[in-house]
Amino acid sequence: MASGIFAVANIGSVRLYVGEVHLLKPRWAEILVQLEKGTFADSVVQDAWRAANGDRRFSFHTAQDLDNDQTMRGRARFRKDCLKS
């Protein structure tokens with residue numbers, strides 16, 4: 001899988017961490033390792049991970065996944081931002 005935009009969703013809180021990466025496919029595994037080690041770059045996401053205390057409440061989505069989700073809040077804004085990058 002090539003480069004692309006992704007989002008990590010904190011399930012139950014309607015929060016998304018959005019990023020861009022050159023190699024999309026391995027990114028979720030890398031994020032999980034960083035979260036487990038406590039080294040994830042975004043402190044809000046890291047704190048939410050710690051608060052979940054091992055109860056997995058996070059999911060990984062590509063821009064295409066989110067673009068196809070008709071129920072996503074802020075979808076129009078997300079699409080507009082994706083087109084810019």
# chains A, B, ... in the order shown; residues from 1 in each chain; ligands from 1
$ residues_around --residues "region 44-53 of chain A" --least-positions-apart "6" --cutoff "10 Å" --atoms "only C-alpha atoms" --output "JSON, numbers by chain"
{"A": [8, 9, 10, 13, 15, 16, 17, 32, 34, 35, 36, 37, 38]}
$ write_last_selection --atoms "N, CA, C and O atoms" --output "PDB file, in the first residue's frame"
ATOM      1  N   VAL A   8      -6.602   7.613  13.532  1.00  0.00           N
ATOM      2  CA  VAL A   8      -6.752   6.700  14.658  1.00  0.00           C
ATOM      3  C   VAL A   8      -7.948   7.217  15.435  1.00  0.00           C
ATOM      4  O   VAL A   8      -7.969   8.377  15.856  1.00  0.00           O
ATOM      5  N   ALA A   9      -8.955   6.389  15.599  1.00  0.00           N
ATOM      6  CA  ALA A   9     -10.178   6.794  16.289  1.00  0.00           C
ATOM      7  C   ALA A   9     -10.174   6.261  17.710  1.00  0.00           C
ATOM      8  O   ALA A   9      -9.848   5.107  17.953  1.00  0.00           O
ATOM      9  N   ASN A  10     -10.523   7.133  18.651  1.00  0.00           N
ATOM     10  CA  ASN A  10     -10.720   6.733  20.033  1.00  0.00           C
ATOM     11  C   ASN A  10     -12.214   6.439  20.169  1.00  0.00           C
ATOM     12  O   ASN A  10     -13.024   7.358  20.271  1.00  0.00           O
ATOM     13  N   SER A  13     -15.379   8.339  22.117  1.00  0.00           N
ATOM     14  CA  SER A  13     -15.176   9.745  22.448  1.00  0.00           C
ATOM     15  C   SER A  13     -15.258  10.643  21.213  1.00  0.00           C
ATOM     16  O   SER A  13     -15.092  11.848  21.327  1.00  0.00           O
ATOM     17  N   ARG A  15     -13.192  11.168  18.867  1.00  0.00           N
ATOM     18  CA  ARG A  15     -11.940  11.885  18.644  1.00  0.00           C
ATOM     19  C   ARG A  15     -11.125  11.143  17.607  1.00  0.00           C
ATOM     20  O   ARG A  15     -11.028   9.920  17.636  1.00  0.00           O
ATOM     21  N   LEU A  16     -10.528  11.906  16.709  1.00  0.00           N
ATOM     22  CA  LEU A  16      -9.672  11.323  15.687  1.00  0.00           C
ATOM     23  C   LEU A  16      -8.302  11.975  15.729  1.00  0.00           C
ATOM     24  O   LEU A  16      -8.198  13.195  15.869  1.00  0.00           O
ATOM     25  N   TYR A  17      -7.271  11.172  15.610  1.00  0.00           N
ATOM     26  CA  TYR A  17      -5.930  11.672  15.378  1.00  0.00           C
ATOM     27  C   TYR A  17      -5.670  11.399  13.903  1.00  0.00           C
ATOM     28  O   TYR A  17      -5.761  10.258  13.449  1.00  0.00           O
ATOM     29  N   LEU A  32       0.601   1.079  17.407  1.00  0.00           N
ATOM     30  CA  LEU A  32       0.309   0.241  18.572  1.00  0.00           C
ATOM     31  C   LEU A  32       1.553   0.025  19.429  1.00  0.00           C
ATOM     32  O   LEU A  32       1.484   0.079  20.664  1.00  0.00           O
ATOM     33  N   GLN A  34       4.162   2.059  19.658  1.00  0.00           N
ATOM     34  CA  GLN A  34       4.450   3.331  20.319  1.00  0.00           C
ATOM     35  C   GLN A  34       3.508   3.575  21.500  1.00  0.00           C
ATOM     36  O   GLN A  34       3.942   4.028  22.564  1.00  0.00           O
ATOM     37  N   LEU A  35       2.233   3.284  21.311  1.00  0.00           N
ATOM     38  CA  LEU A  35       1.273   3.470  22.401  1.00  0.00           C
ATOM     39  C   LEU A  35       1.597   2.562  23.581  1.00  0.00           C
ATOM     40  O   LEU A  35       1.544   2.984  24.738  1.00  0.00           O
ATOM     41  N   GLU A  36       1.939   1.317  23.303  1.00  0.00           N
ATOM     42  CA  GLU A  36       2.283   0.377  24.365  1.00  0.00           C
ATOM     43  C   GLU A  36       3.533   0.815  25.120  1.00  0.00           C
ATOM     44  O   GLU A  36       3.620   0.659  26.330  1.00  0.00           O
ATOM     45  N   LYS A  37       4.502   1.367  24.395  1.00  0.00           N
ATOM     46  CA  LYS A  37       5.748   1.825  25.015  1.00  0.00           C
ATOM     47  C   LYS A  37       5.599   3.186  25.693  1.00  0.00           C
ATOM     48  O   LYS A  37       6.469   3.613  26.430  1.00  0.00           O
ATOM     49  N   GLY A  38       4.499   3.901  25.377  1.00  0.00           N
ATOM     50  CA  GLY A  38       4.297   5.230  25.934  1.00  0.00           C
ATOM     51  C   GLY A  38       5.066   6.304  25.202  1.00  0.00           C
ATOM     52  O   GLY A  38       5.339   7.363  25.759  1.00  0.00           O
TER      53      GLY A  38
END
$ closest_residue --among "A:Lys25, A:Ile31, A:Gly4, A:Glu20" --to "Ser59 (chain A)" --atoms "only C-alpha atoms"
A:Ile31
$ atom_distance --atom1 "CA of Pro26 (chain A)" --atom2 "CA of His61 (chain A)"
12.5 Å
